[in-house]
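Asks: Enclosed is the structure file final12.txt (compact mmCIF, C-alpha atoms).
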```txt
# COMPACT_ATOMS: atom_id res chain seq x y z
CA MET N 1436 0.00 0.00 0.00
CA MET N 1437 2.84 2.42 0.89
CA ASN N 1438 4.58 1.79 -2.43
CA ILE N 1439 1.36 2.48 -4.32
CA ARG N 1440 0.87 5.80 -2.47
CA VAL N 1441 4.46 6.85 -3.16
CA THR N 1442 4.05 5.99 -6.84
CA ILE N 1443 0.79 7.96 -7.11
CA LEU N 1444 2.30 10.98 -5.34
CA LEU N 1445 5.35 10.84 -7.59
CA ILE N 1446 3.20 10.75 -10.74
CA ILE N 1447 1.16 13.73 -9.50
CA PHE N 1448 4.32 15.69 -8.64
CA LEU N 1449 5.87 15.02 -12.04
CA SER N 1450 2.64 16.07 -13.76
CA VAL N 1451 2.56 19.36 -11.90
CA VAL N 1452 6.18 20.12 -12.76
CA SER N 1453 5.57 19.31 -16.41
CA LEU N 1454 2.39 21.38 -16.68
CA SER N 1455 3.85 24.37 -14.85
CA ALA N 1456 6.96 24.62 -17.06
CA ASP N 1457 6.88 28.21 -18.32
CA ARG N 1458 8.11 27.72 -21.85
CA VAL N 1459 7.79 30.28 -24.64
CA SER N 1460 8.17 29.10 -28.24
CA ILE N 1461 9.52 31.50 -30.87
CA VAL N 1462 8.55 31.07 -34.54
CA ASP N 1463 10.05 33.20 -37.32
CA ILE N 1464 8.01 34.05 -40.41
CA ASP N 1465 10.28 36.01 -42.72
CA GLY N 1466 9.45 36.68 -46.37
CA MET N 1467 6.44 36.15 -48.59
CA ILE N 1468 3.41 34.39 -47.11
CA THR N 1469 3.26 31.11 -49.02
CA ALA N 1470 1.91 27.60 -48.56
CA GLY N 1471 5.36 26.63 -47.28
CA GLN N 1472 5.14 29.25 -44.55
CA LEU N 1473 1.74 27.90 -43.55
CA SER N 1474 3.03 24.32 -43.28
CA PHE N 1475 6.00 25.51 -41.25
CA LEU N 1476 3.79 27.45 -38.82
CA GLU N 1477 1.37 24.54 -38.39
CA ARG N 1478 4.29 22.23 -37.53
CA GLN N 1479 5.66 24.74 -35.03
CA LEU N 1480 2.28 25.16 -33.34
CA ASP N 1481 1.93 21.39 -33.06
CA LEU N 1482 5.44 21.21 -31.60
CA ALA N 1483 4.56 23.90 -29.05
CA VAL N 1484 1.68 21.71 -27.86
CA VAL N 1485 4.06 18.77 -27.38
CA GLU N 1486 6.56 21.00 -25.57
CA GLN N 1487 3.75 22.39 -23.39
CA SER N 1488 4.64 25.98 -24.18
CA GLN N 1489 2.45 28.55 -22.45
CA LEU N 1490 2.47 30.76 -25.55
CA VAL N 1491 3.97 31.17 -29.01
CA ILE N 1492 5.57 34.37 -30.27
CA ILE N 1493 5.58 34.74 -34.05
CA ARG N 1494 8.36 37.11 -35.10
CA LEU N 1495 7.01 38.54 -38.35
CA ASN N 1496 8.63 40.33 -41.29
CA THR N 1497 6.68 40.09 -44.55
CA PRO N 1498 5.76 42.19 -47.59
CA GLY N 1499 2.57 40.13 -48.00
CA GLY N 1500 1.49 37.02 -49.83
CA LEU N 1501 -1.36 34.77 -50.80
CA VAL N 1502 -4.84 35.57 -49.47
CA ASP N 1503 -6.00 31.96 -49.02
CA VAL N 1504 -2.82 31.05 -47.16
CA THR N 1505 -3.21 34.11 -44.92
CA PHE N 1506 -6.72 32.98 -44.00
CA LYS N 1507 -5.36 29.56 -43.01
CA ILE N 1508 -2.60 31.15 -40.91
CA ASN N 1509 -5.18 33.32 -39.17
CA GLU N 1510 -7.32 30.24 -38.52
CA ALA N 1511 -4.35 28.44 -36.97
CA ILE N 1512 -3.61 31.44 -34.71
CA LEU N 1513 -7.21 31.95 -33.64
CA ASN N 1514 -7.73 28.27 -32.79
CA ALA N 1515 -4.37 27.53 -31.16
CA PRO N 1516 -4.77 26.07 -27.65
CA PHE N 1517 -2.62 28.84 -26.15
CA PRO N 1518 -2.13 32.57 -26.68
CA VAL N 1519 -0.27 33.61 -29.83
CA VAL N 1520 1.73 36.84 -29.91
CA VAL N 1521 2.66 38.40 -33.25
CA TYR N 1522 5.74 40.61 -32.99
CA VAL N 1523 6.76 42.66 -36.03
CA ALA N 1524 10.55 42.68 -35.71
CA PRO N 1525 13.43 43.41 -35.94
CA SER N 1526 13.66 47.15 -36.43
CA GLY N 1527 13.15 47.82 -40.14
CA ALA N 1528 10.74 44.89 -40.55
CA ILE N 1529 7.27 45.27 -42.07
CA ALA N 1530 3.86 43.64 -41.72
CA ALA N 1531 2.46 44.69 -45.08
CA SER N 1532 -0.62 43.37 -46.83
CA ALA N 1533 -1.11 39.79 -45.58
CA GLY N 1534 1.14 40.60 -42.63
CA ALA N 1535 -1.36 43.17 -41.38
CA PHE N 1536 -4.08 40.49 -41.29
CA ILE N 1537 -1.80 38.17 -39.32
CA VAL N 1538 -1.19 40.89 -36.75
CA LEU N 1539 -4.94 41.52 -36.50
CA ALA N 1540 -5.54 37.81 -35.78
CA SER N 1541 -3.05 37.68 -32.90
CA ASP N 1542 -4.06 37.49 -29.25
CA ILE N 1543 -1.34 40.03 -28.45
CA ALA N 1544 0.29 42.31 -31.02
CA ALA N 1545 3.66 44.01 -30.69
CA MET N 1546 6.06 45.91 -32.93
CA ALA N 1547 9.68 46.96 -32.68
CA PRO N 1548 10.54 50.63 -33.19
CA GLY N 1549 11.23 51.40 -36.84
CA THR N 1550 8.71 48.87 -38.17
CA THR N 1551 5.61 49.46 -40.31
CA ILE N 1552 2.20 47.83 -40.74
CA GLY N 1553 -0.58 48.14 -43.31
CA ALA N 1554 -0.95 48.60 -47.08
CA ALA N 1555 -3.34 45.65 -47.42
CA GLN N 1556 -5.19 46.68 -50.57
CA PRO N 1557 -5.63 43.41 -52.51
CA LEU N 1558 -4.09 42.85 -55.93
CA SER N 1559 -5.03 40.39 -58.66
CA ILE N 1560 -2.47 38.68 -60.86
CA THR N 1561 -3.77 38.19 -64.42
CA PRO N 1562 -2.17 37.28 -67.75
CA GLU N 1563 -2.16 41.00 -68.45
CA GLY N 1564 -0.22 41.77 -65.27
CA VAL N 1565 -0.93 42.91 -61.71
CA ARG N 1566 -3.91 45.14 -61.01
CA GLU N 1567 -6.16 46.16 -58.13
CA ALA N 1568 -8.68 43.52 -57.13
CA ASP N 1569 -12.35 44.05 -57.91
CA ASP N 1570 -14.67 45.87 -55.51
CA LYS N 1571 -16.29 42.65 -54.32
CA THR N 1572 -12.94 41.27 -53.14
CA SER N 1573 -11.89 44.55 -51.55
CA ILE N 1574 -15.18 44.89 -49.64
CA PHE N 1575 -14.93 41.32 -48.39
CA LEU N 1576 -11.34 41.74 -47.18
CA ALA N 1577 -12.10 45.07 -45.51
CA ASN N 1578 -14.97 43.44 -43.61
CA HIS N 1579 -12.78 40.47 -42.72
CA ALA N 1580 -10.14 42.82 -41.32
CA ARG N 1581 -12.85 44.63 -39.38
CA SER N 1582 -14.10 41.30 -37.99
CA LEU N 1583 -10.63 40.30 -36.79
CA ALA N 1584 -10.19 43.68 -35.14
CA GLU N 1585 -13.58 43.41 -33.43
CA GLN N 1586 -12.75 39.97 -32.05
CA ASN N 1587 -9.48 41.17 -30.52
CA ASN N 1588 -10.68 44.61 -29.36
CA ARG N 1589 -8.69 46.57 -31.93
CA PRO N 1590 -9.86 49.66 -33.83
CA GLU N 1591 -12.05 48.44 -36.67
CA HIS N 1592 -11.70 51.62 -38.74
CA ILE N 1593 -7.92 51.23 -38.77
CA ALA N 1594 -8.17 47.58 -39.80
CA ALA N 1595 -10.58 48.40 -42.62
CA GLY N 1596 -8.40 51.36 -43.63
CA PHE N 1597 -5.52 48.99 -44.33
CA VAL N 1598 -7.62 47.57 -47.17
CA GLU N 1599 -9.82 50.46 -48.26
CA GLU N 1600 -7.23 53.23 -48.14
CA ASN N 1601 -3.96 51.28 -48.25
CA LEU N 1602 -3.32 52.85 -44.83
CA THR N 1603 0.08 52.33 -43.22
CA LEU N 1604 1.15 53.02 -39.63
CA THR N 1605 4.50 53.27 -37.91
CA ALA N 1606 5.04 51.25 -34.75
CA SER N 1607 4.46 54.28 -32.52
CA GLU N 1608 1.31 55.22 -34.44
CA ALA N 1609 0.00 51.66 -34.16
CA LEU N 1610 0.52 51.77 -30.39
CA GLU N 1611 -1.14 55.18 -30.10
CA GLU N 1612 -4.15 54.00 -32.12
CA GLY N 1613 -4.55 50.90 -29.95
CA LEU N 1614 -3.82 48.55 -32.83
CA ILE N 1615 -0.94 46.88 -30.98
CA ASP N 1616 -0.40 46.20 -27.31
CA TYR N 1617 3.35 46.65 -26.92
CA LEU N 1618 6.23 48.60 -28.45
CA ALA N 1619 9.28 46.43 -27.78
CA PRO N 1620 12.82 47.05 -29.05
CA THR N 1621 13.91 43.44 -28.43
CA LEU N 1622 12.37 40.02 -27.96
CA GLU N 1623 13.75 39.85 -24.43
CA TYR N 1624 12.09 43.15 -23.55
CA LEU N 1625 8.78 41.95 -24.98
CA ILE N 1626 8.89 38.73 -22.97
CA GLN N 1627 9.48 40.74 -19.80
CA GLN N 1628 6.53 43.00 -20.65
CA LEU N 1629 4.24 40.01 -21.18
CA HIS N 1630 4.67 38.77 -17.60
CA GLY N 1631 1.35 38.86 -15.80
CA ALA N 1632 -0.73 39.60 -18.91
CA THR N 1633 -4.21 38.06 -18.95
CA ILE N 1634 -5.70 36.80 -22.21
CA GLU N 1635 -9.23 35.61 -22.81
CA LYS N 1636 -9.32 33.15 -25.69
CA ASN N 1637 -11.90 30.60 -26.77
CA GLU N 1638 -13.66 30.77 -23.39
CA GLN N 1639 -10.37 30.18 -21.56
CA THR N 1640 -8.41 32.62 -19.38
CA TYR N 1641 -4.63 32.58 -19.62
CA VAL N 1642 -2.32 34.39 -17.20
CA LEU N 1643 1.20 34.58 -18.61
CA ASN N 1644 4.21 33.80 -16.45
CA THR N 1645 7.22 34.85 -18.49
CA GLU N 1646 9.50 36.21 -15.77
CA ASN N 1647 11.93 33.29 -15.95
CA ALA N 1648 10.58 31.55 -19.03
CA GLU N 1649 12.51 28.96 -20.96
CA ILE N 1650 12.82 30.22 -24.54
CA ILE N 1651 12.47 27.60 -27.28
CA VAL N 1652 13.61 28.70 -30.74
```
Could you write out this file's structure as structure tokens?
Replies:
Amino acid sequence: MMNIRVTILLIIFLSVVSLSADRVSIVDIDGMITAGQLSFLERQLDLAVVEQSQLVIIRLNTPGGLVDVTFKINEAILNAPFPVVVYVAPSGAIAASAGAFIVLASDIAAMAPGTTIGAAQPLSITPEGVREADDKTSIFLANHARSLAEQNNRPEHIAAGFVEENLTLTASEALEEGLIDYLAPTLEYLIQQLHGATIEKNEQTYVLNTENAEIIV
């Protein structure tokens, strides 16, 4: 009987240690948004589940990409079983076009100083060349951007403006407008700032503990 109790207590103790490990996974998306980037992100999110990370930080630098792939990336972020932070970095990076939608889908958004977001007016590629997308597509994407902003308590008029007006914002402007949550010069600074943050996601409440987090790259 004593051996059984010791074994049970040991299993419970090990479970608590494993579940309380404060890991933060970092995923880099750099370049055009393509099907390859989607597959990479999905693998990294699955790996973060296995590693029991408390959150994933996507470090983003993109000029844009494919609309259908962007929708799938947003879906993966919105339905991840943990908070997902999108951090436009390093300084000089951009979250243009598709990148703006990815930021809008994030649970927490951050930018480094010297970065830019926006310019999400859709383009169509035809045998005759590249041209602006038709009104139907533009209206749909503007409403989709507005919906993402509404879900994450971000300014809907700014989100729609990315599409309708090709609006762009600097990092400081994005913070001032309430589009992003943090202005962070480095990843380490951002992780410190995230400590104690509370996120409501998919009817779950997450309180981040990043003070001494193990960083998984």
Asks: So which residues touch stretch 1649-1651 of chain N within 7 Å, counting only C-alpha atoms, skipping near sequence neighbours fewer than 2 positions away, as an NGL selection string?
Replies: :N and (1457-1461 or 1647)
Asks: Within 12 Å of (3.3, 46.2, -37.8) in the file's own coordinates, which protein, DNA or RNA residues have an atom, counting all atoms listed in the file? List them as a VMD selection string.
Replies: chain N and resid 1494 to 1499 1521 to 1539 1541 1544 to 1555 1594 1597 1602 to 1610 1614 to 1619
Asks: Please write out, as AutoDock Vina command-line options, where the centre of an axis-aligned box around all listed atoms of stretch 1486-1497 of chain N lies and how long its edges are, in Å to one decimal, after adding 5 Å on each side.
Replies:
```
--center_x 5.5 --center_y 30.7 --center_z -33.5 --size_x 16.2 --size_y 29.3 --size_z 32.1
```
Asks: Please identify all polymer residues within 12 Å of N:Asp1503, counting all atoms listed in the file, omitting same-chain residues fewer than 5 positions from it, and present them as a list of chain:residue names.
Replies: N:Ile1468, N:Thr1469, N:Ala1470, N:Leu1473, N:Ile1508, N:Asn1509, N:Glu1510, N:Ala1533, N:Phe1536, N:Pro1557, N:Leu1576
Asks: Would you put the residues from that selection into a file with C-alpha atoms, as a tab-separated table (two decimals), in the frame of the given file?
Replies:
```
chain	number	residue	atom	x	y	z
N	1468	ILE	CA	3.41	34.39	-47.11
N	1469	THR	CA	3.26	31.11	-49.02
N	1470	ALA	CA	1.91	27.60	-48.56
N	1473	LEU	CA	1.74	27.90	-43.55
N	1508	ILE	CA	-2.60	31.15	-40.91
N	1509	ASN	CA	-5.18	33.32	-39.17
N	1510	GLU	CA	-7.32	30.24	-38.52
N	1533	ALA	CA	-1.11	39.79	-45.58
N	1536	PHE	CA	-4.08	40.49	-41.29
N	1557	PRO	CA	-5.63	43.41	-52.51
N	1576	LEU	CA	-11.34	41.74	-47.18
```
Asks: Neighbourhood query: residues within 10 Å of (5.7, 42.6, -18.9), file coordinates, counting only C-alpha atoms; return as a list in words.
Replies: Tyr1617, Tyr1624, Leu1625, Ile1626, Gln1627, Gln1628, Leu1629, His1630, Gly1631, Ala1632, Leu1643, Asn1644, Thr1645 and Glu1646 of chain N
Asks: I'd like the contact shell of N:Ala1584 - 9 Å cut-off, all atoms listed in the file, skipping same-chain residues fewer than 5 positions apart - returned as a list in words.
Replies: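 The residues satisfying every condition are Leu1539, Ala1540, His1579, Arg1589, Pro1590, Glu1591, His1592, Ile1593, Ala1594, Ala1595 and Leu1614 of chain N.
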Asks: Counting all atoms listed in the file, which of N:Glu1477, N:Ser1582, N:Gly1500, N:Asp1542 gets nearest to N:Phe1517?
Replies: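 The closest residue to N:Phe1517 is N:Asp1542.
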Asks: Atom CA of N:Glu1611 and atom CA of N:Val1519 are how many Å apart?
Replies: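 Taking atom CA of N:Glu1611 and atom CA of N:Val1519, their separation equals 21.6 Å.
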Asks: To one decimal place in Å, what is the distance between atom CA of N:Asp1481 and atom CA of N:Ile1493?
Replies: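 Interatomic distance, atom CA of N:Asp1481 to atom CA of N:Ile1493: 13.9 Å.
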